[in-house]
file entry25.txt (compact mmCIF, C-alpha atoms (C1' of nucleotides))
# COMPACT_ATOMS: atom_id res chain seq x y z
CA MET A 28 108.56 140.17 101.35
CA ASN A 29 111.66 141.96 100.29
CA LEU A 30 114.15 139.46 98.90
CA HIS A 31 116.37 139.08 95.91
CA PRO A 32 114.20 137.36 93.34
CA LEU A 33 116.56 134.43 93.06
CA SER A 34 116.21 133.60 96.73
CA GLN A 35 112.52 134.25 96.89
CA ALA A 36 111.38 131.00 95.31
CA PHE A 37 113.72 129.12 97.60
CA VAL A 38 112.42 130.81 100.72
CA LEU A 39 108.78 130.34 99.73
CA HIS A 40 109.36 126.71 98.93
CA PHE A 41 110.92 126.07 102.32
CA GLY A 42 107.98 127.79 103.93
CA GLU A 43 105.64 125.35 102.22
CA MET A 44 107.79 122.37 103.05
CA GLY A 45 107.92 123.51 106.64
CA SER A 46 104.14 123.36 106.83
CA ARG A 47 104.14 119.79 105.61
CA TRP A 48 106.69 118.78 108.17
CA GLY A 49 105.03 120.12 111.26
CA ILE A 50 107.49 123.02 111.28
CA ASN A 51 105.60 126.21 110.68
CA ARG A 52 105.82 128.29 107.57
CA THR A 53 107.68 131.20 109.10
CA VAL A 54 110.28 128.95 110.68
CA GLY A 55 110.92 127.32 107.32
CA GLN A 56 111.26 130.70 105.66
CA ILE A 57 113.61 132.06 108.29
CA TYR A 58 115.82 129.05 107.92
CA ALA A 59 115.89 129.35 104.16
CA ALA A 60 116.69 133.05 104.33
CA LEU A 61 119.58 132.40 106.68
CA TYR A 62 120.80 129.52 104.58
CA VAL A 63 121.20 131.58 101.41
CA SER A 64 122.52 134.69 103.10
CA ARG A 65 126.21 135.42 102.90
CA GLU A 66 126.12 137.59 105.98
CA ALA A 67 124.63 136.74 109.34
CA LEU A 68 121.29 138.51 109.75
CA THR A 69 119.58 140.34 112.58
CA ALA A 70 115.99 139.72 113.53
CA ASP A 71 115.11 143.04 111.95
CA ASP A 72 116.72 142.03 108.68
CA LEU A 73 114.46 139.01 108.67
CA VAL A 74 111.38 141.09 109.47
CA ASP A 75 112.23 143.19 106.48
CA ARG A 76 112.97 140.33 104.11
CA LEU A 77 110.07 138.08 105.05
CA GLY A 78 107.47 140.69 105.92
CA VAL A 79 106.35 139.09 109.17
CA SER A 80 106.17 140.55 112.63
CA ARG A 81 109.12 141.03 114.85
CA SER A 82 107.75 138.69 117.50
CA ASN A 83 107.11 135.97 114.99
CA VAL A 84 110.74 136.15 113.92
CA SER A 85 111.83 136.01 117.52
CA MET A 86 109.83 132.85 118.16
CA GLY A 87 111.03 131.30 114.92
CA LEU A 88 114.66 131.95 115.73
CA LYS A 89 114.22 130.37 119.13
CA GLU A 90 112.73 127.30 117.52
CA LEU A 91 115.55 127.08 114.99
CA GLN A 92 118.13 127.40 117.73
CA SER A 93 116.51 124.51 119.59
CA TRP A 94 116.98 122.46 116.42
CA ARG A 95 120.58 123.68 116.20
CA LEU A 96 119.82 125.02 112.73
CA ALA A 97 120.51 128.64 113.57
CA ARG A 98 123.48 129.98 115.43
CA LEU A 99 123.63 133.20 117.40
CA GLU A 100 126.66 135.42 116.90
CA HIS A 101 127.73 138.71 118.35
CA ARG A 102 129.82 141.31 116.62
CA PRO A 103 132.23 143.36 118.66
CA GLY A 104 130.91 146.87 119.15
CA ASP A 105 127.39 145.94 118.08
CA ARG A 106 124.74 145.07 120.58
CA ARG A 107 122.46 143.37 118.11
CA GLU A 108 122.21 139.61 117.76
CA PHE A 109 123.15 138.11 114.44
CA PHE A 110 121.96 134.74 113.24
CA SER A 111 123.37 132.39 110.68
CA ALA A 112 122.78 128.87 109.41
CA PRO A 113 125.58 126.31 109.68
CA GLU A 114 127.69 126.15 106.52
CA ASP A 115 128.33 122.48 106.06
CA VAL A 116 125.41 120.74 104.42
CA TRP A 117 126.48 117.35 105.74
CA GLN A 118 126.56 118.69 109.21
CA ILE A 119 123.08 120.11 108.76
CA PHE A 120 121.83 116.75 107.64
CA LYS A 121 123.37 115.01 110.63
CA THR A 122 121.99 117.58 113.04
CA LEU A 123 118.51 117.17 111.65
CA ALA A 124 118.74 113.40 111.87
CA GLU A 125 119.94 113.58 115.45
CA GLU A 126 117.23 115.95 116.56
CA ARG A 127 114.47 113.95 114.92
CA GLN A 128 115.87 110.83 116.52
CA ARG A 129 115.78 112.42 119.92
CA ARG A 130 112.37 114.02 119.60
CA GLU A 131 110.42 111.43 117.68
CA VAL A 132 112.13 108.09 117.35
CA ASP A 133 113.33 107.67 120.93
CA PRO A 134 109.90 108.27 122.45
CA THR A 135 108.38 105.84 119.97
CA LEU A 136 110.87 103.14 120.87
CA SER A 137 110.22 103.73 124.51
CA MET A 138 106.45 103.44 124.04
CA LEU A 139 106.94 100.22 122.11
CA ARG A 140 109.18 98.75 124.79
CA ASP A 141 106.58 99.51 127.43
CA ALA A 142 103.88 97.82 125.41
CA LEU A 143 106.06 94.77 124.92
CA LEU A 144 106.47 94.36 128.66
CA GLU A 145 102.72 94.08 129.21
CA THR A 146 101.13 90.68 129.46
CA ALA A 147 98.86 89.88 126.56
CA ALA A 148 95.37 89.11 127.83
CA SER A 149 93.91 87.78 124.60
CA PRO A 150 94.96 86.42 121.22
CA GLU A 151 94.28 89.90 119.79
CA ASP A 152 96.70 91.40 122.27
CA ALA A 153 99.26 88.76 121.47
CA TYR A 154 99.01 89.59 117.81
CA ALA A 155 99.25 93.32 118.47
CA GLN A 156 102.33 92.70 120.55
CA GLU A 157 103.94 90.67 117.85
CA ARG A 158 103.35 93.50 115.38
CA MET A 159 104.82 95.99 117.78
CA ARG A 160 107.83 93.76 118.32
CA ARG A 161 108.48 93.79 114.59
CA MET A 162 108.18 97.51 114.39
CA HIS A 163 110.48 97.96 117.34
CA GLU A 164 113.03 95.68 115.76
CA LEU A 165 112.94 97.54 112.47
CA ILE A 166 113.19 100.99 113.98
CA GLU A 167 115.98 99.97 116.28
CA GLN A 168 117.95 98.40 113.49
CA ILE A 169 117.59 101.37 111.20
CA THR A 170 118.45 103.91 113.85
CA ASP A 171 121.45 101.99 115.17
CA TRP A 172 122.75 101.80 111.67
CA PHE A 173 122.11 105.45 111.07
CA ALA A 174 123.95 106.31 114.23
CA GLU A 175 126.96 104.38 112.92
CA ILE A 176 126.71 106.04 109.56
CA ARG A 177 126.60 109.47 111.13
CA LYS A 178 129.93 108.83 112.80
CA LEU A 179 131.69 108.41 109.48
CA SER A 180 133.60 111.31 108.05
CA PRO A 181 131.93 113.00 105.10
CA GLU A 182 134.67 111.61 102.88
CA THR A 183 134.10 108.02 103.91
CA LEU A 184 130.40 108.48 103.63
CA GLN A 185 130.83 109.81 100.16
CA SER A 186 132.87 106.89 98.99
CA LEU A 187 130.30 104.57 100.50
CA MET A 188 127.49 106.38 98.76
CA SER A 189 129.11 106.56 95.38
CA LEU A 190 129.49 102.84 95.68
CA GLY A 191 125.70 102.66 95.61
CA GLY A 192 124.18 99.23 95.10
CA LYS A 193 127.63 97.89 94.34
CA VAL A 194 128.09 97.57 98.06
CA VAL A 195 126.63 94.10 97.50
CA LYS A 196 129.73 93.15 95.57
CA LEU A 197 131.74 94.27 98.52
CA LEU A 198 129.76 92.05 100.84
CA GLU A 199 130.40 89.15 98.51
CA LEU A 200 134.07 90.00 98.45
CA LYS A 201 134.11 89.95 102.20
CA GLU A 202 132.53 86.53 102.29
CA ARG A 203 135.12 85.19 99.89
CA VAL A 204 138.11 86.70 101.61
CA LEU A 205 137.11 86.05 105.18
CA GLY A 206 135.50 82.69 104.53
CA GLY A 207 131.87 83.56 105.13
CA ARG A 208 131.94 83.37 108.89
CA ARG A 209 128.72 85.30 109.30
CA ALA A 210 125.22 85.06 107.82
CA PRO A 211 126.18 83.42 104.55
CA ASP A 212 122.53 82.92 103.58
CA ALA A 213 121.92 86.60 103.32
CA LEU A 214 124.02 86.92 100.22
CA ALA A 215 122.55 83.87 98.58
CA ALA A 216 119.11 85.28 99.21
CA ASN A 217 120.16 88.48 97.58
CA GLU A 218 121.20 86.81 94.35
CA ARG A 219 117.59 85.83 93.79
CA ASP A 220 116.11 89.29 93.47
CA GLN A 221 119.15 91.37 92.67
CA GLY A 222 120.65 89.84 89.63
CA ASP A 223 123.78 91.54 88.39
CA ALA A 224 123.09 95.25 88.85
CA MET B 27 87.75 105.02 121.95
CA ASN B 28 87.08 101.35 122.31
CA LEU B 29 90.31 99.44 121.97
CA HIS B 30 92.14 96.70 123.77
CA PRO B 31 94.22 98.50 126.37
CA LEU B 32 97.45 97.14 124.99
CA SER B 33 96.83 98.71 121.60
CA GLN B 34 95.46 101.93 122.94
CA ALA B 35 98.79 103.51 123.87
CA PHE B 36 100.16 102.55 120.48
CA VAL B 37 97.24 104.08 118.61
CA LEU B 38 97.32 107.28 120.65
CA HIS B 39 101.05 107.62 120.18
CA PHE B 40 100.73 107.31 116.44
CA GLY B 41 98.03 109.92 116.50
CA GLU B 42 100.42 112.33 118.18
CA MET B 43 103.27 111.48 115.86
CA GLY B 44 100.97 111.96 112.91
CA SER B 45 100.31 115.53 114.02
CA ARG B 46 104.02 116.26 114.16
CA TRP B 47 104.53 114.91 110.71
CA GLY B 48 101.89 116.86 108.88
CA ILE B 49 99.72 113.76 108.76
CA ASN B 50 96.64 114.37 110.83
CA ARG B 51 95.87 112.73 114.12
CA THR B 52 93.02 110.58 112.87
CA VAL B 53 95.02 109.30 109.93
CA GLY B 54 97.82 108.29 112.28
CA GLN B 55 95.38 106.52 114.55
CA ILE B 56 93.66 104.70 111.74
CA TYR B 57 96.97 103.47 110.47
CA ALA B 58 98.05 102.28 113.91
CA ALA B 59 94.75 100.50 114.47
CA LEU B 60 95.07 98.68 111.15
CA TYR B 61 98.68 97.86 111.82
CA VAL B 62 98.00 96.01 115.07
CA SER B 63 94.80 94.34 113.96
CA ARG B 64 94.92 90.69 113.03
CA GLU B 65 91.81 90.98 110.89
CA ALA B 66 91.12 93.50 108.18
CA LEU B 67 88.70 96.15 109.49
CA THR B 68 85.70 97.92 108.06
CA ALA B 69 85.25 101.66 108.29
CA ASP B 70 82.60 101.05 110.94
CA ASP B 71 85.00 98.99 113.02
CA LEU B 72 87.34 101.96 112.99
CA VAL B 73 84.57 104.38 113.92
CA ASP B 74 83.87 102.16 116.89
CA ARG B 75 87.46 101.70 117.97
CA LEU B 76 88.62 105.27 117.54
CA GLY B 77 85.44 107.10 118.40
CA VAL B 78 85.53 109.49 115.46
CA SER B 79 82.93 110.17 112.82
CA ARG B 80 82.29 107.92 109.92
CA SER B 81 83.19 110.60 107.38
CA ASN B 82 86.46 111.29 109.12
CA VAL B 83 87.37 107.63 108.82
CA SER B 84 86.41 107.66 105.19
CA MET B 85 88.71 110.59 104.47
CA GLY B 86 91.50 109.08 106.51
CA LEU B 87 91.33 105.78 104.67
CA LYS B 88 91.47 107.58 101.38
CA GLU B 89 94.58 109.42 102.50
CA LEU B 90 96.22 106.22 103.70
CA GLN B 91 95.44 104.50 100.43
CA SER B 92 97.11 107.33 98.57
CA TRP B 93 100.20 106.67 100.66
CA ARG B 94 99.86 102.95 99.91
CA LEU B 95 99.72 102.30 103.65
CA ALA B 96 96.23 100.82 103.64
CA ARG B 97 94.91 98.22 101.29
CA LEU B 98 91.29 97.65 100.36
CA GLU B 99 90.00 94.08 100.33
CA HIS B 100 86.67 92.52 99.57
CA ARG B 101 85.30 89.37 101.11
CA PRO B 102 83.15 87.10 99.02
CA GLY B 103 79.50 87.40 99.98
CA ASP B 104 80.08 90.62 101.93
CA ARG B 105 79.47 93.97 100.42
CA ARG B 106 81.49 95.91 102.95
CA GLU B 107 85.00 97.14 102.30
CA PHE B 108 87.75 95.83 104.52
CA PHE B 109 91.03 97.59 105.09
CA SER B 110 94.37 96.29 106.25
CA ALA B 111 97.93 97.55 106.61
CA PRO B 112 100.73 95.81 104.70
CA GLU B 113 102.39 93.07 106.74
CA ASP B 114 106.05 93.46 105.95
CA VAL B 115 107.67 96.21 107.97
CA TRP B 116 110.50 96.59 105.50
CA GLN B 117 108.05 97.04 102.72
CA ILE B 118 106.25 99.68 104.74
CA PHE B 119 109.48 101.55 105.28
CA LYS B 120 110.31 101.47 101.60
CA THR B 121 106.85 102.60 100.61
CA LEU B 122 107.03 105.54 102.96
CA ALA B 123 110.45 106.52 101.68
CA GLU B 124 109.24 106.33 98.09
CA GLU B 125 106.16 108.40 98.69
CA ARG B 126 108.03 111.10 100.61
CA GLN B 127 110.60 111.18 97.85
CA ARG B 128 107.92 111.69 95.25
CA ARG B 129 105.92 114.27 97.19
CA GLU B 130 108.60 116.30 98.90
CA VAL B 131 112.09 115.64 97.67
CA ASP B 132 111.45 115.64 93.94
CA PRO B 133 109.68 119.01 93.95
CA THR B 134 112.50 120.45 96.04
CA LEU B 135 115.13 119.22 93.62
CA SER B 136 113.18 120.63 90.75
CA MET B 137 112.87 124.03 92.43
CA LEU B 138 116.61 124.03 93.09
CA ARG B 139 117.43 123.14 89.51
CA ASP B 140 115.29 126.01 88.28
CA ALA B 141 117.02 128.45 90.59
CA LEU B 142 120.42 127.22 89.42
CA LEU B 143 119.53 127.99 85.82
CA GLU B 144 118.86 131.64 86.58
CA THR B 145 121.58 134.19 86.00
CA ALA B 146 122.89 135.72 89.19
CA ALA B 147 122.47 139.49 89.08
CA SER B 148 124.58 140.36 92.11
CA PRO B 149 127.21 138.89 94.40
CA GLU B 150 124.43 138.08 96.86
CA ASP B 151 122.61 136.10 94.20
CA ALA B 152 125.81 134.31 93.29
CA TYR B 153 126.31 133.30 96.88
CA ALA B 154 122.71 132.14 97.23
CA GLN B 155 123.12 130.11 94.10
CA GLU B 156 126.26 128.48 95.39
CA ARG B 157 124.43 127.50 98.58
CA MET B 158 121.59 126.06 96.56
CA ARG B 159 124.03 124.13 94.43
CA ARG B 160 125.44 122.51 97.55
CA MET B 161 122.05 121.61 98.86
CA HIS B 162 121.05 120.19 95.52
CA GLU B 163 124.19 118.09 95.42
CA LEU B 164 123.62 116.72 98.91
CA ILE B 165 119.99 115.86 98.40
CA GLU B 166 120.67 114.25 95.08
CA GLN B 167 123.47 112.15 96.46
CA ILE B 168 121.49 110.98 99.44
CA THR B 169 118.41 110.15 97.45
CA ASP B 170 120.31 108.35 94.72
CA TRP B 171 121.96 106.26 97.35
CA PHE B 172 118.69 105.59 99.07
CA ALA B 173 117.18 104.49 95.81
CA GLU B 174 119.99 101.96 95.44
CA ILE B 175 119.59 100.79 99.00
CA ARG B 176 115.88 100.30 98.54
CA LYS B 177 116.57 97.88 95.71
CA LEU B 178 118.44 95.48 97.96
CA SER B 179 116.66 92.48 99.36
CA PRO B 180 115.80 92.73 103.06
CA GLU B 181 118.37 90.03 103.76
CA THR B 182 121.21 91.89 102.07
CA LEU B 183 120.15 95.07 103.71
CA GLN B 184 120.21 93.38 107.04
CA SER B 185 123.70 92.04 106.63
CA LEU B 186 124.82 95.49 105.53
CA MET B 187 123.20 97.07 108.55
CA SER B 188 124.49 94.62 111.10
CA LEU B 189 127.89 95.46 109.73
CA GLY B 190 127.32 98.98 111.02
CA GLY B 191 130.36 101.23 111.08
CA LYS B 192 132.54 98.28 110.26
CA VAL B 193 131.65 98.90 106.66
CA VAL B 194 134.70 101.13 106.77
CA LYS B 195 136.88 98.09 107.26
CA LEU B 196 135.26 96.63 104.21
CA LEU B 197 136.09 99.70 102.19
CA GLU B 198 139.67 99.38 103.32
CA LEU B 199 139.65 95.74 102.40
CA LYS B 200 138.42 96.64 98.97
CA GLU B 201 141.19 99.15 98.54
CA ARG B 202 143.77 96.54 99.47
CA VAL B 203 142.40 93.78 97.31
CA LEU B 204 141.58 95.84 94.26
CA GLY B 205 144.60 98.07 94.56
CA GLY B 206 142.97 101.32 95.63
CA ARG B 207 141.87 102.45 92.23
CA ARG B 208 139.36 104.94 93.57
CA ALA B 209 139.40 107.75 96.13
CA PRO B 210 142.10 106.39 98.40
CA ASP B 211 142.19 109.62 100.42
CA ALA B 212 138.70 109.09 101.72
CA LEU B 213 139.78 106.20 103.87
CA ALA B 214 142.79 107.98 105.26
CA ALA B 215 140.59 110.91 106.15
CA ASN B 216 138.30 108.61 107.99
CA GLU B 217 140.97 107.21 110.24
CA ARG B 218 141.34 110.60 111.82
CA ASP B 219 137.91 110.81 113.36
CA GLN B 220 136.98 107.17 113.54
CA GLY B 221 139.65 105.43 115.48
CA ASP B 222 139.11 101.70 115.92
CA ALA B 223 135.42 101.42 116.71
C1' DC C 29 120.32 156.19 137.55
C1' DC C 30 118.55 157.33 132.85
C1' DG C 31 117.42 156.69 128.33
C1' DA C 32 118.49 154.30 124.10
C1' DT C 33 118.53 150.14 121.81
C1' DG C 34 117.36 145.68 121.43
C1' DT C 35 114.73 141.17 122.79
C1' DT C 36 111.01 138.37 124.70
C1' DT C 37 106.50 137.39 126.30
C1' DC C 38 101.75 137.07 125.97
C1' DA C 39 96.78 137.90 125.39
C1' DG C 40 93.87 138.39 121.77
C1' DT C 41 92.88 137.73 116.85
C1' DA C 42 93.36 135.65 112.41
C1' DA C 43 94.04 131.81 109.58
C1' DT C 44 94.20 127.12 108.88
C1' DT C 45 93.11 122.55 109.64
C1' DT C 46 90.31 119.00 111.29
C1' DC C 47 85.98 116.98 112.20
C1' DT C 48 81.08 116.27 111.95
C1' DG C 49 76.31 115.24 110.42
C1' DA C 50 73.30 115.42 106.81
C1' DA C 51 72.57 114.61 102.18
C1' DA C 52 73.88 112.55 97.90
C1' DC C 53 75.50 108.82 95.69
C1' DT C 54 76.37 103.69 94.58
C1' DT C 55 75.50 98.91 94.45
C1' DC C 56 73.07 95.08 94.98
C1' DA C 57 69.18 91.63 96.17
C1' DG C 58 64.61 90.68 95.54
C1' DC D 13 62.03 99.32 90.15
C1' DT D 14 62.53 99.59 95.19
C1' DG D 15 64.65 99.70 99.33
C1' DA D 16 68.44 98.21 102.20
C1' DA D 17 73.27 98.49 103.08
C1' DG D 18 77.17 100.74 102.34
C1' DT D 19 80.29 104.80 100.90
C1' DT D 20 81.53 109.55 99.72
C1' DT D 21 81.03 114.43 99.63
C1' DC D 22 80.70 118.81 101.50
C1' DA D 23 79.23 123.03 104.01
C1' DG D 24 79.65 124.64 108.33
C1' DA D 25 81.25 124.09 113.34
C1' DA D 26 84.99 123.20 116.37
C1' DA D 27 89.61 122.93 117.47
C1' DT D 28 94.13 123.98 116.73
C1' DT D 29 97.92 126.61 115.30
C1' DA D 30 100.14 130.78 113.78
C1' DC D 31 100.66 135.66 114.02
C1' DT D 32 100.47 140.31 115.74
C1' DG D 33 101.09 144.51 118.50
C1' DA D 34 101.71 146.19 122.82
C1' DA D 35 103.86 145.87 127.00
C1' DA D 36 107.43 144.00 129.86
C1' DC D 37 112.03 142.90 130.23
C1' DA D 38 117.23 143.21 129.56
C1' DT D 39 121.54 145.39 128.67
C1' DC D 40 124.49 148.88 127.94
C1' DG D 41 126.85 153.67 127.56
C1' DG D 42 127.07 157.79 129.71

call {"tool": "encode", "arguments": {"input": "entry25.txt", "output": "structure tokens"}}
result
Amino acid sequence: MNLHPLSQAFVLHFGEMGSRWGINRTVGQIYAALYVSREALTADDLVDRLGVSRSNVSMGLKELQSWRLARLEHRPGDRREFFSAPEDVWQIFKTLAEERQRREVDPTLSMLRDALLETAASPEDAYAQERMRRMHELIEQITDWFAEIRKLSPETLQSLMSLGGKVVKLLELKERVLGGRRAPDALAANERDQGDA
Amino acid sequence: MNLHPLSQAFVLHFGEMGSRWGINRTVGQIYAALYVSREALTADDLVDRLGVSRSNVSMGLKELQSWRLARLEHRPGDRREFFSAPEDVWQIFKTLAEERQRREVDPTLSMLRDALLETAASPEDAYAQERMRRMHELIEQITDWFAEIRKLSPETLQSLMSLGGKVVKLLELKERVLGGRRAPDALAANERDQGDA
DNA sequence: CCGATGTTTCAGTAATTTCTGAAACTTCAG
DNA sequence: CTGAAGTTTCAGAAATTACTGAAACATCGG
């Protein structure tokens, strides 16, 4: 491994994290190396910096491209392929969320829907189905919401986030101004365990 | 594997998902089996249902307990240990988020902070540091917000979620009512790429 | 078309992770 | 104390996943 010492810890850490996330070590390291590099890098640069084989880098780059976390660029007059990581950290976050949604959440929802269509043949089955229904409901709600959130501009998102838990106040405000036309109990319920944060 | 057919697909699916998430197959299956079971189960029940070795189940249950996703119960007059998954799906979601935060996000933030304290010895290092600063900022913002969100009661959370992207309207409302004391540009910026969803 | 430069594929090997069965340990009733 | 019922540990086997080097493939300038 042949990296500036400051980046080395970062790259190694991402390698470890990769392992934990079902992404392999090398892929994590390649991503990290691209992320901290000012210039786009060639596969050979990565071989040099990470000390892994050329073919391993090639596979890793392919994987990262499928996640849209590495971009291929060409330079005029140079036949080599250069790779870089997207700049905008918010964009990276959104991309990751979208890909995980597509690869993991959607298939899970689909499996759950199939199970819910079956006819329960016993009380045990009925219970299992009820549990699956709850899980389906939760996942669907969270992911729908996330999809909405992802559409917001980074600026809007930021003002929403810096609002933090105070968003509750905003919900109360809404109730007051618009006359509580929807789900008024929700806010009352909140008072119980929220207090005046 | 000796499961009601309706649960079988669910359990197998969770096994697969487990693999992708760095949790092992058996652990995923054990969790799924507990989740859909009306009764708490003994380790031997799980051996029977999943068709894996007793010791494997024992390890898996230990792992799940460390994630607070399986609870140990005792029944009076029975020396065996019974295991069950928490009922409340929201609670499960929060628990998972908390544990991942503790095990993965916190160490990452700490690594980033350390790197940011180093003195950059070259322009490359300075650039790497700047990138790390951005990542640190993003992660911190998201996790702080998440921590706030987790504090809300399920009811409040639900009314917030069913609001979806319309939360933007609420932010606008706030600006109007309170006189736009904070970050008024954020909302204007949003109009550009949001339209009137 | 040729050779130079660069990329991808893939079969075999290495490393890691998961799983098992046997043994050790624990707890309790009699 | 003894043995029955239950649980945990752990060394090695099995399975999976990651990595490599060599060969095949692709693209381009001349």

call {"tool": "closest_atom_pairs", "arguments": {"input": "entry25.txt", "of": "chain A", "to": "chain C", "cutoff": "10 Å", "atoms": "only C-alpha atoms (C1' of nucleotides)", "output": "Markdown table"}}
result
| residue | atom | partner | partner_atom | distance |
| --- | --- | --- | --- | --- |
| A:Ala70 | CA | C:DT35 | C1' | 9.5 |
| A:Arg81 | CA | C:DT35 | C1' | 9.7 |
| A:Ser82 | CA | C:DT36 | C1' | 7.9 |
| A:Ser85 | CA | C:DT36 | C1' | 7.6 |
| A:Met86 | CA | C:DT36 | C1' | 8.6 |
| A:Arg106 | CA | C:DG34 | C1' | 7.5 |
| A:Arg107 | CA | C:DG34 | C1' | 6.5 |
| A:Glu108 | CA | C:DG34 | C1' | 8.6 |

call {"tool": "closest_atom_pairs", "arguments": {"input": "entry25.txt", "of": "chain B", "to": "chain A", "cutoff": "7 Å", "atoms": "only C-alpha atoms", "output": "Markdown table"}}
result
| residue | atom | partner | partner_atom | distance |
| --- | --- | --- | --- | --- |
| B:Leu32 | CA | A:Asp152 | CA | 6.4 |
| B:Ser33 | CA | A:Ala155 | CA | 6.7 |
| B:Arg46 | CA | A:Gly49 | CA | 4.9 |
| B:Trp47 | CA | A:Trp48 | CA | 5.1 |
| B:Gly48 | CA | A:Arg47 | CA | 4.9 |
| B:Val62 | CA | A:Ala155 | CA | 4.5 |
| B:Ser63 | CA | A:Ala155 | CA | 6.4 |
| B:Arg64 | CA | A:Tyr154 | CA | 6.4 |
| B:Val115 | CA | A:Met162 | CA | 6.6 |
| B:Ala141 | CA | A:Leu33 | CA | 6.5 |
| B:Glu150 | CA | A:Arg65 | CA | 6.8 |
| B:Asp151 | CA | A:Leu33 | CA | 6.4 |
| B:Tyr153 | CA | A:Arg65 | CA | 6.4 |
| B:Ala154 | CA | A:Val63 | CA | 4.5 |
| B:Arg157 | CA | A:Val63 | CA | 5.9 |
| B:Met161 | CA | A:Val116 | CA | 6.6 |
| B:Trp171 | CA | A:Gly191 | CA | 5.5 |
| B:Glu174 | CA | A:Gly192 | CA | 5.0 |
| B:Ile175 | CA | A:Gly192 | CA | 6.2 |
| B:Leu178 | CA | A:Gln221 | CA | 6.7 |
| B:Ser179 | CA | A:Asn217 | CA | 5.6 |
| B:Glu181 | CA | A:Ala213 | CA | 5.0 |
| B:Thr182 | CA | A:Ala213 | CA | 5.5 |
| B:Ser185 | CA | A:Ala213 | CA | 6.6 |
| B:Met187 | CA | A:Trp172 | CA | 5.7 |
| B:Gly190 | CA | A:Trp172 | CA | 5.4 |
| B:Gly191 | CA | A:Glu175 | CA | 5.0 |
| B:Ala212 | CA | A:Glu182 | CA | 4.9 |
| B:Leu213 | CA | A:Thr183 | CA | 6.0 |
| B:Ala215 | CA | A:Glu182 | CA | 6.8 |
| B:Asn216 | CA | A:Ser180 | CA | 5.4 |
| B:Asp219 | CA | A:Ser180 | CA | 6.9 |
| B:Gln220 | CA | A:Leu179 | CA | 6.8 |

call {"tool": "closest_atom_pairs", "arguments": {"input": "entry25.txt", "of": "chain D", "to": "chain B", "cutoff": "9 Å", "atoms": "all atoms listed in the file", "output": "tab-separated table"}}
result
residue	atom	partner	partner_atom	distance
D:DA17	C1'	B:Arg105	CA	8.1
D:DG18	C1'	B:Arg106	CA	6.5
D:DT19	C1'	B:Ser84	CA	8.0
D:DT20	C1'	B:Ser84	CA	7.6
D:DT21	C1'	B:Ser81	CA	8.9

call {"tool": "atom_distance", "arguments": {"input": "entry25.txt", "atom1": "CA of Val79 in chain A", "atom2": "CA of Leu123 in chain A"}}
result
25.2 Å

call {"tool": "closest_residue", "arguments": {"input": "entry25.txt", "among": "B:Ser110, B:Asn28, B:Gln117, B:Ser136", "to": "Leu90 in chain B", "atoms": "all atoms listed in the file"}}
result
B:Ser110

call {"tool": "build_atoms", "arguments": {"input": "entry25.txt", "residues": "range 33-43 of chain B", "atoms": "N, CA and C atoms", "output": "tab-separated table (two decimals), in the coordinates of the input"}}
result
chain	number	residue	atom	x	y	z
B	33	SER	N	96.67	97.97	122.86
B	33	SER	CA	96.83	98.71	121.60
B	33	SER	C	96.59	100.20	121.76
B	34	GLN	N	95.89	100.55	122.81
B	34	GLN	CA	95.46	101.93	122.94
B	34	GLN	C	96.63	102.92	122.97
B	35	ALA	N	97.63	102.62	123.77
B	35	ALA	CA	98.79	103.51	123.87
B	35	ALA	C	99.45	103.66	122.50
B	36	PHE	N	99.54	102.56	121.81
B	36	PHE	CA	100.16	102.55	120.48
B	36	PHE	C	99.39	103.46	119.53
B	37	VAL	N	98.08	103.29	119.51
B	37	VAL	CA	97.24	104.08	118.61
B	37	VAL	C	97.31	105.57	118.97
B	38	LEU	N	97.25	105.87	120.25
B	38	LEU	CA	97.32	107.28	120.65
B	38	LEU	C	98.67	107.89	120.28
B	39	HIS	N	99.72	107.13	120.51
B	39	HIS	CA	101.05	107.62	120.18
B	39	HIS	C	101.17	107.93	118.69
B	40	PHE	N	100.67	107.05	117.88
B	40	PHE	CA	100.73	107.31	116.44
B	40	PHE	C	99.88	108.50	116.03
B	41	GLY	N	98.81	108.72	116.75
B	41	GLY	CA	98.03	109.92	116.50
B	41	GLY	C	98.88	111.16	116.73
B	42	GLU	N	99.57	111.19	117.87
B	42	GLU	CA	100.42	112.33	118.18
B	42	GLU	C	101.52	112.51	117.15
B	43	MET	N	102.17	111.41	116.83
B	43	MET	CA	103.27	111.48	115.86
B	43	MET	C	102.75	111.97	114.52
